[in-house]
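What follows is start-v8.csv (CSV, C-alpha atoms and all ligand atoms).
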```
chain,number,residue,atom,x,y,z
A,30,MET,CA,-24.2,-12.4,48.8
A,31,LYS,CA,-25.3,-12.9,45.2
A,32,LYS,CA,-25.4,-16.5,44.1
A,33,VAL,CA,-23.9,-17.2,40.6
A,34,SER,CA,-23.8,-20.3,38.5
A,35,CYS,CA,-20.4,-20.9,36.9
A,36,ALA,CA,-19.9,-22.8,33.7
A,37,LEU,CA,-16.6,-23.7,32.1
A,38,THR,CA,-15.9,-24.6,28.5
A,39,ILE,CA,-12.7,-26.4,27.5
A,40,ALA,CA,-12.5,-26.0,23.7
A,41,GLY,CA,-10.9,-24.5,20.6
A,42,THR,CA,-11.5,-21.0,19.2
A,43,ASP,CA,-13.4,-19.4,16.3
A,44,PRO,CA,-12.3,-15.8,15.5
A,45,THR,CA,-15.5,-15.2,13.6
A,46,GLY,CA,-17.5,-15.9,16.8
A,47,GLY,CA,-19.8,-18.6,15.4
A,48,ALA,CA,-18.5,-21.8,17.0
A,49,GLY,CA,-16.1,-23.0,19.7
A,50,ILE,CA,-15.2,-21.1,22.8
A,51,GLN,CA,-16.8,-17.9,21.4
A,52,ALA,CA,-20.2,-19.5,20.8
A,53,ASP,CA,-20.0,-21.2,24.2
A,54,LEU,CA,-19.3,-18.0,26.1
A,55,LYS,CA,-22.1,-16.1,24.2
A,56,THR,CA,-24.5,-18.9,25.2
A,57,PHE,CA,-23.5,-18.9,28.8
A,58,GLU,CA,-23.9,-15.2,29.0
A,59,GLU,CA,-27.4,-15.2,27.4
A,60,LEU,CA,-28.5,-17.9,29.7
A,61,LYS,CA,-27.1,-16.1,32.8
A,62,SER,CA,-24.3,-18.5,33.8
A,63,TYR,CA,-21.0,-17.0,34.6
A,64,GLY,CA,-18.8,-18.1,31.7
A,65,MET,CA,-15.2,-19.3,31.9
A,66,SER,CA,-13.0,-20.8,29.2
A,67,VAL,CA,-9.8,-22.9,28.8
A,68,ILE,CA,-8.4,-22.8,25.3
A,69,THR,CA,-7.1,-26.0,23.8
A,70,SER,CA,-6.4,-24.8,20.2
A,71,VAL,CA,-6.4,-21.5,18.4
A,72,VAL,CA,-8.2,-22.2,15.1
A,73,ALA,CA,-8.1,-19.8,12.2
A,74,GLN,CA,-11.5,-20.6,10.7
A,75,ASN,CA,-14.5,-18.8,9.3
A,76,THR,CA,-17.9,-19.6,7.8
A,77,THR,CA,-16.3,-21.3,4.8
A,78,GLY,CA,-13.9,-23.6,6.7
A,79,VAL,CA,-10.7,-24.0,8.7
A,80,GLN,CA,-7.6,-22.2,7.4
A,81,GLU,CA,-5.0,-23.1,10.2
A,82,LEU,CA,-4.7,-24.8,13.5
A,83,HIS,CA,-2.4,-24.1,16.4
A,84,HIS,CA,-2.6,-26.4,19.4
A,85,ILE,CA,-1.8,-24.8,22.8
A,86,PRO,CA,1.3,-26.4,24.4
A,87,LEU,CA,0.4,-29.0,27.0
A,88,SER,CA,1.9,-27.2,29.9
A,89,MET,CA,-0.1,-24.1,29.0
A,90,LEU,CA,-3.3,-26.1,28.8
A,91,SER,CA,-2.6,-27.6,32.3
A,92,SER,CA,-1.7,-24.2,33.6
A,93,GLN,CA,-5.0,-22.7,32.4
A,94,LEU,CA,-7.0,-25.6,34.0
A,95,ASN,CA,-5.1,-25.0,37.2
A,96,SER,CA,-5.8,-21.3,37.1
A,97,VAL,CA,-9.6,-22.0,37.0
A,98,PHE,CA,-9.9,-25.0,39.3
A,99,SER,CA,-7.6,-23.6,42.0
A,100,ASP,CA,-9.6,-20.4,42.3
A,101,MET,CA,-13.1,-20.5,40.9
A,102,PRO,CA,-16.3,-22.4,41.7
A,103,VAL,CA,-17.1,-24.7,38.8
A,104,HIS,CA,-20.8,-25.8,38.6
A,105,ALA,CA,-20.7,-27.5,35.2
A,106,VAL,CA,-18.1,-28.2,32.5
A,107,LYS,CA,-18.3,-28.8,28.7
A,108,THR,CA,-15.6,-29.9,26.4
A,109,GLY,CA,-15.5,-29.3,22.7
A,110,MET,CA,-12.4,-29.7,20.5
A,111,ILE,CA,-9.5,-31.4,22.3
A,112,ALA,CA,-6.9,-32.1,19.7
A,113,ASP,CA,-4.9,-35.1,20.8
A,114,LYS,CA,-4.5,-37.8,23.5
A,115,GLU,CA,-2.1,-35.9,25.7
A,116,MET,CA,-4.5,-33.0,25.9
A,117,MET,CA,-7.4,-35.4,26.6
A,118,GLN,CA,-5.3,-36.9,29.5
A,119,ALA,CA,-4.6,-33.5,31.0
A,120,VAL,CA,-8.3,-32.6,30.9
A,121,ALA,CA,-9.4,-36.0,32.2
A,122,GLN,CA,-7.4,-35.4,35.4
A,123,TYR,CA,-9.5,-32.4,36.3
A,124,LEU,CA,-12.8,-34.1,35.3
A,125,GLN,CA,-12.0,-37.2,37.4
A,126,GLU,CA,-11.6,-35.1,40.5
A,127,GLY,CA,-14.6,-32.8,40.0
A,128,HIS,CA,-18.1,-33.2,41.4
A,129,PHE,CA,-20.0,-31.3,38.7
A,130,PRO,CA,-22.0,-32.3,35.6
A,131,TYR,CA,-19.8,-32.8,32.5
A,132,VAL,CA,-21.1,-32.4,29.0
A,133,MET,CA,-18.9,-33.7,26.1
A,134,ASP,CA,-19.5,-32.4,22.6
A,135,PRO,CA,-17.3,-35.0,20.8
A,136,VAL,CA,-16.1,-32.5,18.2
A,137,MET,CA,-14.2,-34.3,15.4
A,138,VAL,CA,-14.8,-32.5,12.1
A,139,ALA,CA,-16.2,-29.1,11.3
A,140,THR,CA,-19.3,-28.8,9.0
A,141,SER,CA,-16.9,-27.7,6.3
A,142,GLY,CA,-15.3,-31.2,6.5
A,143,ASP,CA,-12.0,-30.0,8.1
A,144,ALA,CA,-10.6,-32.4,10.8
A,145,LEU,CA,-10.4,-30.7,14.2
A,146,ILE,CA,-8.8,-33.6,16.2
A,147,ALA,CA,-6.2,-36.2,15.4
A,148,GLU,CA,-7.7,-39.3,13.8
A,149,ASN,CA,-5.8,-41.6,16.2
A,150,SER,CA,-7.2,-39.8,19.3
A,151,ARG,CA,-10.8,-40.2,18.5
A,152,LEU,CA,-11.2,-43.6,20.2
A,153,TYR,CA,-9.2,-42.3,23.2
A,154,LEU,CA,-12.0,-39.8,23.7
A,155,ARG,CA,-14.5,-42.6,23.7
A,156,ASP,CA,-12.6,-44.9,26.0
A,157,HIS,CA,-11.2,-42.4,28.5
A,158,LEU,CA,-13.4,-39.3,28.6
A,159,LEU,CA,-16.8,-40.7,27.7
A,160,PRO,CA,-17.2,-42.7,31.0
A,161,LEU,CA,-16.8,-39.4,32.9
A,162,THR,CA,-19.6,-37.7,31.2
A,163,THR,CA,-23.1,-36.7,32.4
A,164,LEU,CA,-24.0,-36.3,28.8
A,165,VAL,CA,-22.4,-36.8,25.4
A,166,THR,CA,-23.9,-34.9,22.4
A,167,PRO,CA,-22.7,-36.4,19.1
A,168,ASN,CA,-24.1,-35.4,15.7
A,169,ILE,CA,-24.7,-38.3,13.3
A,170,HIS,CA,-21.2,-38.5,11.9
A,171,GLU,CA,-19.7,-38.4,15.4
A,172,ALA,CA,-22.1,-41.1,16.6
A,173,VAL,CA,-21.2,-43.3,13.7
A,174,TYR,CA,-17.5,-42.9,14.5
A,175,LEU,CA,-17.9,-43.5,18.2
A,176,THR,CA,-20.2,-46.6,17.9
A,177,GLY,CA,-18.8,-48.1,14.7
A,178,LYS,CA,-22.4,-48.5,13.5
A,179,LYS,CA,-24.1,-47.0,10.4
A,180,ILE,CA,-26.9,-44.6,11.1
A,181,GLU,CA,-29.6,-44.2,8.5
A,182,THR,CA,-32.9,-44.2,10.4
A,183,THR,CA,-34.3,-42.8,13.7
A,184,THR,CA,-34.1,-46.4,15.0
A,185,ASP,CA,-30.4,-46.4,14.3
A,186,MET,CA,-30.1,-43.1,16.2
A,187,GLN,CA,-31.8,-44.6,19.2
A,188,GLU,CA,-29.6,-47.7,19.1
A,189,ALA,CA,-26.5,-45.6,19.0
A,190,ALA,CA,-27.6,-43.6,22.0
A,191,LYS,CA,-28.2,-46.8,23.9
A,192,LEU,CA,-24.7,-48.2,22.9
A,193,LEU,CA,-23.0,-45.0,24.1
A,194,VAL,CA,-24.5,-45.4,27.5
A,195,ASP,CA,-24.8,-49.2,28.0
A,196,LYS,CA,-21.6,-50.3,26.3
A,197,TYR,CA,-19.3,-47.3,26.5
A,198,GLY,CA,-20.3,-45.8,29.8
A,199,ALA,CA,-21.6,-42.3,29.0
A,200,GLY,CA,-23.9,-40.9,31.7
A,201,ALA,CA,-26.5,-40.1,29.0
A,202,ALA,CA,-26.4,-39.7,25.2
A,203,LEU,CA,-28.1,-37.1,23.0
A,204,ILE,CA,-27.9,-38.0,19.3
A,205,LYS,CA,-28.5,-34.9,17.2
A,206,GLY,CA,-30.4,-35.2,14.0
A,207,GLY,CA,-29.4,-32.0,12.3
A,208,HIS,CA,-27.7,-33.9,9.4
A,209,MET,CA,-30.7,-36.3,8.8
A,210,LYS,CA,-33.5,-35.5,6.4
A,211,GLY,CA,-36.9,-34.0,7.5
A,212,ASP,CA,-37.6,-32.5,10.9
A,213,ALA,CA,-34.7,-31.8,13.3
A,214,VAL,CA,-35.2,-34.8,15.7
A,215,ASP,CA,-32.8,-35.5,18.6
A,216,PHE,CA,-32.9,-38.6,20.9
A,217,LEU,CA,-31.8,-38.5,24.5
A,218,TYR,CA,-31.1,-41.8,26.3
A,219,ASP,CA,-30.5,-41.5,30.0
A,220,GLY,CA,-29.9,-45.2,30.8
A,221,LYS,CA,-33.6,-45.8,31.5
A,222,GLU,CA,-35.8,-44.0,29.0
A,223,MET,CA,-35.5,-42.7,25.5
A,224,HIS,CA,-36.8,-39.1,25.1
A,225,THR,CA,-37.4,-37.4,21.7
A,226,PHE,CA,-36.9,-33.7,21.0
A,227,THR,CA,-38.4,-32.5,17.7
A,228,ALA,CA,-38.3,-29.2,15.9
A,229,LYS,CA,-39.4,-28.3,12.4
A,230,ARG,CA,-36.5,-28.1,10.1
A,231,ILE,CA,-35.5,-24.5,9.3
A,232,GLU,CA,-34.6,-23.9,5.7
A,233,THR,CA,-31.2,-22.3,6.1
A,234,GLU,CA,-27.5,-22.9,5.4
A,235,ASN,CA,-26.6,-20.8,8.5
A,236,THR,CA,-25.9,-23.5,11.0
A,237,HIS,CA,-22.2,-22.8,11.9
A,238,GLY,CA,-21.7,-23.6,15.5
A,239,THR,CA,-25.1,-25.1,16.3
A,240,GLY,CA,-23.6,-28.1,18.1
A,241,CYS,CA,-21.4,-25.8,20.2
A,242,THR,CA,-24.4,-23.6,21.1
A,243,TYR,CA,-26.6,-26.6,22.0
A,244,SER,CA,-24.1,-28.3,24.3
A,245,ALA,CA,-23.2,-25.0,25.9
A,246,ALA,CA,-26.9,-24.3,26.6
A,247,VAL,CA,-27.3,-27.7,28.3
A,248,THR,CA,-24.2,-27.0,30.3
A,249,ALA,CA,-25.5,-23.6,31.4
A,250,PHE,CA,-28.8,-25.0,32.6
A,251,LEU,CA,-27.0,-27.9,34.4
A,252,SER,CA,-24.7,-25.3,36.1
A,253,GLN,CA,-27.9,-23.8,37.5
A,254,GLY,CA,-28.9,-27.1,39.1
A,255,MET,CA,-31.6,-28.0,36.6
A,256,PRO,CA,-32.3,-31.7,35.9
A,257,LEU,CA,-30.8,-33.2,32.7
A,258,LEU,CA,-34.1,-33.6,30.9
A,259,THR,CA,-35.2,-30.0,31.6
A,260,SER,CA,-31.8,-28.8,30.6
A,261,VAL,CA,-31.9,-30.5,27.2
A,262,ARG,CA,-35.5,-29.5,26.6
A,263,LYS,CA,-34.7,-25.8,27.2
A,264,ALA,CA,-31.4,-26.0,25.3
A,265,LYS,CA,-33.3,-27.5,22.2
A,266,MET,CA,-35.7,-24.5,22.4
A,267,PHE,CA,-32.7,-22.1,22.6
A,268,VAL,CA,-30.7,-23.6,19.7
A,269,THR,CA,-33.8,-23.8,17.5
A,270,ALA,CA,-34.5,-20.1,18.1
A,271,ALA,CA,-30.8,-19.4,17.4
A,272,ILE,CA,-31.0,-21.1,14.1
A,273,ARG,CA,-34.4,-19.5,13.2
A,274,ASN,CA,-32.8,-16.1,13.7
A,275,SER,CA,-29.4,-16.9,12.3
A,276,PHE,CA,-27.2,-14.3,10.6
A,277,ASP,CA,-26.7,-14.4,6.8
A,278,ILE,CA,-23.1,-13.1,7.1
A,279,GLY,CA,-19.9,-14.5,5.7
A,280,ASN,CA,-19.4,-16.4,2.5
A,281,GLY,CA,-20.3,-19.9,3.8
A,282,ASN,CA,-22.5,-21.2,6.6
A,283,GLY,CA,-23.4,-18.2,8.7
A,284,PRO,CA,-23.6,-18.2,12.5
A,285,THR,CA,-26.6,-18.5,14.8
A,286,ASN,CA,-28.1,-15.7,16.8
A,287,HIS,CA,-27.7,-16.1,20.6
A,288,TRP,CA,-29.5,-12.9,21.7
A,289,ALA,CA,-32.6,-13.5,19.7
A,290,ALA,CA,-32.6,-17.1,21.1
A,291,ARG,CA,-32.7,-15.7,24.6
A,292,GLU,CA,-35.5,-13.3,23.8
A,293,GLU,CA,-37.6,-16.0,22.2
A,294,MET,CA,-37.1,-18.3,25.2
A,295,LEU,CA,-38.1,-15.5,27.6
A,296,PHE,CA,-41.2,-14.8,25.5
A,297,HIS,CA,-42.1,-18.5,25.4
A,298,GLU,CA,-41.6,-18.9,29.2
A,299,ARG,CA,-43.9,-15.9,29.9
A,300,GLU,CA,-46.6,-17.3,27.6
A,301,THR,CA,-46.3,-20.7,29.3
A,302,ILE,CA,-46.7,-19.2,32.8
A,303,GLN,CA,-49.7,-17.1,31.6
A,304,ASP,CA,-51.3,-20.3,30.2
A,305,LEU,CA,-51.1,-22.1,33.6
B,1,LIG,N1,-31.9,-26.7,9.8
B,1,LIG,C1,-32.2,-27.0,11.0
B,1,LIG,N2,-33.4,-26.7,11.5
B,1,LIG,C2,-33.7,-26.9,12.8
B,1,LIG,N3,-32.9,-27.5,13.7
B,1,LIG,C3,-31.7,-27.8,13.2
B,1,LIG,C4,-31.3,-27.6,11.9
B,1,LIG,N4,-30.0,-28.1,11.8
B,1,LIG,C5,-29.6,-28.5,13.0
B,1,LIG,N5,-30.6,-28.4,13.9
B,1,LIG,C6,-30.6,-28.8,15.3
B,1,LIG,O1,-29.4,-28.2,15.8
B,1,LIG,C7,-28.9,-29.0,16.8
B,1,LIG,C8,-27.4,-29.3,16.4
B,1,LIG,O2,-27.5,-30.4,15.6
B,1,LIG,P1,-26.4,-30.9,14.5
B,1,LIG,O3,-26.5,-29.9,13.4
B,1,LIG,O4,-26.8,-32.3,14.1
B,1,LIG,O5,-25.0,-30.8,15.3
B,1,LIG,P2,-23.6,-30.3,14.8
B,1,LIG,O6,-23.7,-28.8,14.7
B,1,LIG,O7,-22.7,-30.8,16.0
B,1,LIG,O8,-23.3,-30.9,13.5
B,1,LIG,C9,-29.8,-30.2,16.9
B,1,LIG,O9,-30.8,-29.9,17.9
B,1,LIG,C10,-30.4,-30.3,15.6
B,1,LIG,O10,-31.6,-31.0,15.6
B,2,LIG,C1,-13.1,-24.7,17.6
B,2,LIG,C2,-14.3,-25.4,17.1
B,2,LIG,N1,-15.0,-26.3,17.8
B,2,LIG,C3,-16.0,-26.9,17.3
B,2,LIG,C4,-16.5,-26.7,16.0
B,2,LIG,C5,-17.6,-27.4,15.4
B,2,LIG,O1,-18.7,-26.7,15.7
B,2,LIG,P1,-20.2,-27.3,15.5
B,2,LIG,O2,-21.1,-26.6,16.4
B,2,LIG,O3,-20.2,-28.8,15.6
B,2,LIG,O4,-20.6,-26.9,14.1
B,2,LIG,P2,-19.8,-26.4,12.8
B,2,LIG,O5,-19.1,-25.2,13.2
B,2,LIG,O6,-18.9,-27.5,12.4
B,2,LIG,O7,-20.9,-26.1,11.9
B,2,LIG,C6,-15.8,-25.7,15.3
B,2,LIG,N2,-16.1,-25.4,14.0
B,2,LIG,N3,-14.7,-25.1,15.8
```
Can the structure in the file be given as structure tokens, please?
Amino acid sequence: MKKVSCALTIAGTDPTGGAGIQADLKTFEELKSYGMSVITSVVAQNTTGVQELHHIPLSMLSSQLNSVFSDMPVHAVKTGMIADKEMMQAVAQYLQEGHFPYVMDPVMVATSGDALIAENSRLYLRDHLLPLTTLVTPNIHEAVYLTGKKIETTTDMQEAAKLLVDKYGAGAALIKGGHMKGDAVDFLYDGKEMHTFTAKRIETENTHGTGCTYSAAVTAFLSQGMPLLTSVRKAKMFVTAAIRNSFDIGNGNGPTNHWAAREEMLFHERETIQDL
């Protein structure tokens, strides 16, 4: 019988395919994990911003979760946009019972500045879902919100990662530096060590959905049984290649390129094996 690694995303949608559920499923597919999705909100958005939000009724959210968990193997889960406390509670129930890695992308605001989750639910995410995580992946703005500390330097980023693990109970924290100046440097704190992932900054405005793609890539690798550090290292390579080959389409921040990212990763892996 063929073995398959199954990854689930619980998130909102993007009809233009750059972010949210659509970006997650493209990533799972390119990285050869079987992709599954539970939709929390239907979001009318494009590369310029968010036009309208429709949150899925709570009973329908629970029903989708039940459909997946009652029938399918789940080897890793990621959550993205979860609009309010009640939805977070419903999702938490399933995460508490599961024995799989859980990656939280603590989505709060789109790059366009549009709010994606209720302001009064943000700390609920930290206090109730964060302790269930294997990894949380905030960008700078999300890390500031979750820790209540300002972040201006790479030292501040590392302090924030430590706080999220040591004070707020995340399994590990990956603070992403896409919104800082200079190289794209991310810090991973796993409760013991601080690891640094650096890529040269790519001069492009086409970064719609980078955070979704990055956390989905980590989830895909975790679903395949890879250790956390390897999963983040490979995911960083994937998202960097996806940005380098991003599409200049739409009138705002264009989307990243998942299939070119897969090809670049394969090429890199072949070269590395030949070098051994
Ligand atoms: N212009 C860029 N060049 C290279 N890497 C980038 C660039 N912008 C973002 N990244 C990387 O993309 C990933 C997503 O980061 P970030 O943009 O901070 O998250 P989000 O999309 O959640 O706001 C991180 O690894 C970050 O370092
Ligand atoms: C439905 C949905 N979820 C998450 C986001 C945010 O995506 P992200 O990868 O953090 O980056 P931007 O799209 O904001 O550039 C979203 N837009 N929609």
- For the point (-24.5, -13.9, 6.4) in file coordinates, what residues are within 12 Å, counting only C-alpha atoms? Give the answer as a list of chain:residue names?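 All residues meeting the 12 Å criterion around (-24.5, -13.9, 6.4) are A:Thr45, A:Gly47, A:Asn75, A:Thr76, A:Thr77, A:Thr233, A:Glu234, A:Asn235, A:Thr236, A:His237, A:Asn274, A:Ser275, A:Phe276, A:Asp277, A:Ile278, A:Gly279, A:Asn280, A:Gly281, A:Asn282, A:Gly283, A:Pro284, A:Thr285, A:Asn286.
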Can I get the selection written as a tab-separated table (two decimals), in the frame of the given file, with C-alpha atoms?
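So the final result, stored in result-v4.tsv, reads:
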```tsv
chain	number	residue	atom	x	y	z
A	45	THR	CA	-15.50	-15.20	13.60
A	47	GLY	CA	-19.80	-18.60	15.40
A	75	ASN	CA	-14.50	-18.80	9.30
A	76	THR	CA	-17.90	-19.60	7.80
A	77	THR	CA	-16.30	-21.30	4.80
A	233	THR	CA	-31.20	-22.30	6.10
A	234	GLU	CA	-27.50	-22.90	5.40
A	235	ASN	CA	-26.60	-20.80	8.50
A	236	THR	CA	-25.90	-23.50	11.00
A	237	HIS	CA	-22.20	-22.80	11.90
A	274	ASN	CA	-32.80	-16.10	13.70
A	275	SER	CA	-29.40	-16.90	12.30
A	276	PHE	CA	-27.20	-14.30	10.60
A	277	ASP	CA	-26.70	-14.40	6.80
A	278	ILE	CA	-23.10	-13.10	7.10
A	279	GLY	CA	-19.90	-14.50	5.70
A	280	ASN	CA	-19.40	-16.40	2.50
A	281	GLY	CA	-20.30	-19.90	3.80
A	282	ASN	CA	-22.50	-21.20	6.60
A	283	GLY	CA	-23.40	-18.20	8.70
A	284	PRO	CA	-23.60	-18.20	12.50
A	285	THR	CA	-26.60	-18.50	14.80
A	286	ASN	CA	-28.10	-15.70	16.80
```
- Message: I want to know what sits within 8 Å of region 268-273 of chain A, based on only C-alpha atoms, with residues of the same chain fewer than 5 positions away left out; could you give that as number ranges by chain?
- Response: A: 228, 231, 235-236, 239, 242-243, 246, 285-290, 293-294
Output C-alpha atoms for every residue in that selection, as a PDB file, keeping the file's coordinate frame.
```pdb
ATOM      1  CA  ALA A 228     -38.300 -29.200  15.900  1.00  0.00           C
ATOM      2  CA  ILE A 231     -35.500 -24.500   9.300  1.00  0.00           C
ATOM      3  CA  ASN A 235     -26.600 -20.800   8.500  1.00  0.00           C
ATOM      4  CA  THR A 236     -25.900 -23.500  11.000  1.00  0.00           C
ATOM      5  CA  THR A 239     -25.100 -25.100  16.300  1.00  0.00           C
ATOM      6  CA  THR A 242     -24.400 -23.600  21.100  1.00  0.00           C
ATOM      7  CA  TYR A 243     -26.600 -26.600  22.000  1.00  0.00           C
ATOM      8  CA  ALA A 246     -26.900 -24.300  26.600  1.00  0.00           C
ATOM      9  CA  THR A 285     -26.600 -18.500  14.800  1.00  0.00           C
ATOM     10  CA  ASN A 286     -28.100 -15.700  16.800  1.00  0.00           C
ATOM     11  CA  HIS A 287     -27.700 -16.100  20.600  1.00  0.00           C
ATOM     12  CA  TRP A 288     -29.500 -12.900  21.700  1.00  0.00           C
ATOM     13  CA  ALA A 289     -32.600 -13.500  19.700  1.00  0.00           C
ATOM     14  CA  ALA A 290     -32.600 -17.100  21.100  1.00  0.00           C
ATOM     15  CA  GLU A 293     -37.600 -16.000  22.200  1.00  0.00           C
ATOM     16  CA  MET A 294     -37.100 -18.300  25.200  1.00  0.00           C
TER      17      MET A 294
END
```
Do you know which residues are at most 10 Å from region 90-105 of chain A counting all atoms listed in the file, after dropping those on the same chain fewer than 5 positions away, and could you put them as a CSV table (one decimal) with C-alpha atoms, in the coordinates of the input?
```
chain,number,residue,atom,x,y,z
A,33,VAL,CA,-23.9,-17.2,40.6
A,34,SER,CA,-23.8,-20.3,38.5
A,35,CYS,CA,-20.4,-20.9,36.9
A,36,ALA,CA,-19.9,-22.8,33.7
A,37,LEU,CA,-16.6,-23.7,32.1
A,38,THR,CA,-15.9,-24.6,28.5
A,39,ILE,CA,-12.7,-26.4,27.5
A,62,SER,CA,-24.3,-18.5,33.8
A,63,TYR,CA,-21.0,-17.0,34.6
A,64,GLY,CA,-18.8,-18.1,31.7
A,65,MET,CA,-15.2,-19.3,31.9
A,66,SER,CA,-13.0,-20.8,29.2
A,67,VAL,CA,-9.8,-22.9,28.8
A,68,ILE,CA,-8.4,-22.8,25.3
A,69,THR,CA,-7.1,-26.0,23.8
A,70,SER,CA,-6.4,-24.8,20.2
A,84,HIS,CA,-2.6,-26.4,19.4
A,85,ILE,CA,-1.8,-24.8,22.8
A,116,MET,CA,-4.5,-33.0,25.9
A,119,ALA,CA,-4.6,-33.5,31.0
A,120,VAL,CA,-8.3,-32.6,30.9
A,122,GLN,CA,-7.4,-35.4,35.4
A,123,TYR,CA,-9.5,-32.4,36.3
A,127,GLY,CA,-14.6,-32.8,40.0
A,128,HIS,CA,-18.1,-33.2,41.4
A,129,PHE,CA,-20.0,-31.3,38.7
A,130,PRO,CA,-22.0,-32.3,35.6
A,131,TYR,CA,-19.8,-32.8,32.5
A,132,VAL,CA,-21.1,-32.4,29.0
A,163,THR,CA,-23.1,-36.7,32.4
A,245,ALA,CA,-23.2,-25.0,25.9
A,247,VAL,CA,-27.3,-27.7,28.3
A,248,THR,CA,-24.2,-27.0,30.3
A,249,ALA,CA,-25.5,-23.6,31.4
A,250,PHE,CA,-28.8,-25.0,32.6
A,251,LEU,CA,-27.0,-27.9,34.4
A,252,SER,CA,-24.7,-25.3,36.1
A,253,GLN,CA,-27.9,-23.8,37.5
A,254,GLY,CA,-28.9,-27.1,39.1
```
Residues within 8 Å of ligand LIG 2 (chain B), counting all atoms listed in the file, as a PDB file with C-alpha atoms, keeping the file's coordinate frame:
```pdb
ATOM      1  CA  ALA A  40     -12.500 -26.000  23.700  1.00  0.00           C
ATOM      2  CA  GLY A  41     -10.900 -24.500  20.600  1.00  0.00           C
ATOM      3  CA  THR A  42     -11.500 -21.000  19.200  1.00  0.00           C
ATOM      4  CA  ASP A  43     -13.400 -19.400  16.300  1.00  0.00           C
ATOM      5  CA  GLY A  47     -19.800 -18.600  15.400  1.00  0.00           C
ATOM      6  CA  ALA A  48     -18.500 -21.800  17.000  1.00  0.00           C
ATOM      7  CA  GLY A  49     -16.100 -23.000  19.700  1.00  0.00           C
ATOM      8  CA  ILE A  50     -15.200 -21.100  22.800  1.00  0.00           C
ATOM      9  CA  SER A  70      -6.400 -24.800  20.200  1.00  0.00           C
ATOM     10  CA  VAL A  71      -6.400 -21.500  18.400  1.00  0.00           C
ATOM     11  CA  VAL A  72      -8.200 -22.200  15.100  1.00  0.00           C
ATOM     12  CA  GLN A  74     -11.500 -20.600  10.700  1.00  0.00           C
ATOM     13  CA  THR A  76     -17.900 -19.600   7.800  1.00  0.00           C
ATOM     14  CA  GLY A  78     -13.900 -23.600   6.700  1.00  0.00           C
ATOM     15  CA  VAL A  79     -10.700 -24.000   8.700  1.00  0.00           C
ATOM     16  CA  GLY A 109     -15.500 -29.300  22.700  1.00  0.00           C
ATOM     17  CA  MET A 110     -12.400 -29.700  20.500  1.00  0.00           C
ATOM     18  CA  ASP A 134     -19.500 -32.400  22.600  1.00  0.00           C
ATOM     19  CA  VAL A 136     -16.100 -32.500  18.200  1.00  0.00           C
ATOM     20  CA  MET A 137     -14.200 -34.300  15.400  1.00  0.00           C
ATOM     21  CA  VAL A 138     -14.800 -32.500  12.100  1.00  0.00           C
ATOM     22  CA  ALA A 139     -16.200 -29.100  11.300  1.00  0.00           C
ATOM     23  CA  THR A 140     -19.300 -28.800   9.000  1.00  0.00           C
ATOM     24  CA  SER A 141     -16.900 -27.700   6.300  1.00  0.00           C
ATOM     25  CA  GLY A 142     -15.300 -31.200   6.500  1.00  0.00           C
ATOM     26  CA  LEU A 145     -10.400 -30.700  14.200  1.00  0.00           C
ATOM     27  CA  ASN A 168     -24.100 -35.400  15.700  1.00  0.00           C
ATOM     28  CA  THR A 236     -25.900 -23.500  11.000  1.00  0.00           C
ATOM     29  CA  HIS A 237     -22.200 -22.800  11.900  1.00  0.00           C
ATOM     30  CA  GLY A 238     -21.700 -23.600  15.500  1.00  0.00           C
ATOM     31  CA  THR A 239     -25.100 -25.100  16.300  1.00  0.00           C
ATOM     32  CA  GLY A 240     -23.600 -28.100  18.100  1.00  0.00           C
ATOM     33  CA  CYS A 241     -21.400 -25.800  20.200  1.00  0.00           C
ATOM     34  CA  THR A 242     -24.400 -23.600  21.100  1.00  0.00           C
ATOM     35  CA  TYR A 243     -26.600 -26.600  22.000  1.00  0.00           C
ATOM     36  CA  ASN A 282     -22.500 -21.200   6.600  1.00  0.00           C
TER      37      ASN A 282
END
```
- Task: Please identify all polymer residues within 12 Å of Leu164 (chain A), counting all atoms listed in the file, omitting same-chain residues fewer than 2 positions from it, and present them as a PyMOL selection string.
- Result: chain A and resi 105-108+129-135+158-162+166-167+190+193-194+198-204+217-220+244-245+247-248+251+256-258+260-261
- Note on the structure: Using only C-alpha atoms, the residue out of A:Thr259, A:Gln51, A:Thr227, A:Gln118 with shortest distance to Leu154 (chain A) is A:Gln118
- Task: Find the residues near Asp113 (chain A): any atom within 7 Å, counting all atoms listed in the file, skip ones fewer than 5 places away on the same chain, and give them as JSON, numbers by chain.
- Result: {"A": [146, 147, 150]}
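The spacing separating CA of Leu152 (chain A) from CA of Thr176 (chain A) amounts to 9.8 Å.
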- Item | Which residue of A:Lys61, A:Lys205, A:Arg155, A:Lys32 approaches ligand LIG 1 (chain B) most closely, using all atoms listed in the file |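 Between A:Lys61, A:Lys205, A:Arg155, A:Lys32, the residue approaching ligand LIG 1 (chain B) most closely is A:Lys205.
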- Item | Distance in Å - atom N3 of ligand LIG 1 (chain B) versus CA of Phe216 (chain A) | 13.2 Å
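Distance-wise, CA of His208 (chain A) and atom C1 of ligand LIG 1 (chain B) end up 8.4 Å apart.
With only C-alpha atoms and all ligand atoms as the atoms that count, the residue of A:Asp212, A:Asp195, A:Asp53, A:Glu181 with the shortest distance to ligand LIG 1 (chain B) is A:Asp212.
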- Task: Name the closest residue to ligand LIG 1 (chain B) among the candidates A:Ala52, A:Leu295, A:Ala112, A:Ala121; distances are taken between atoms, counting only C-alpha atoms and all ligand atoms.
- Result: A:Ala52
- A:Glu300, A:Glu171, A:Glu292, A:Asp156 ranked by distance to Leu60 (chain A), top pick (using all atoms listed in the file):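 Among A:Glu300, A:Glu171, A:Glu292, A:Asp156, it is A:Glu292 that comes nearest to Leu60 (chain A).
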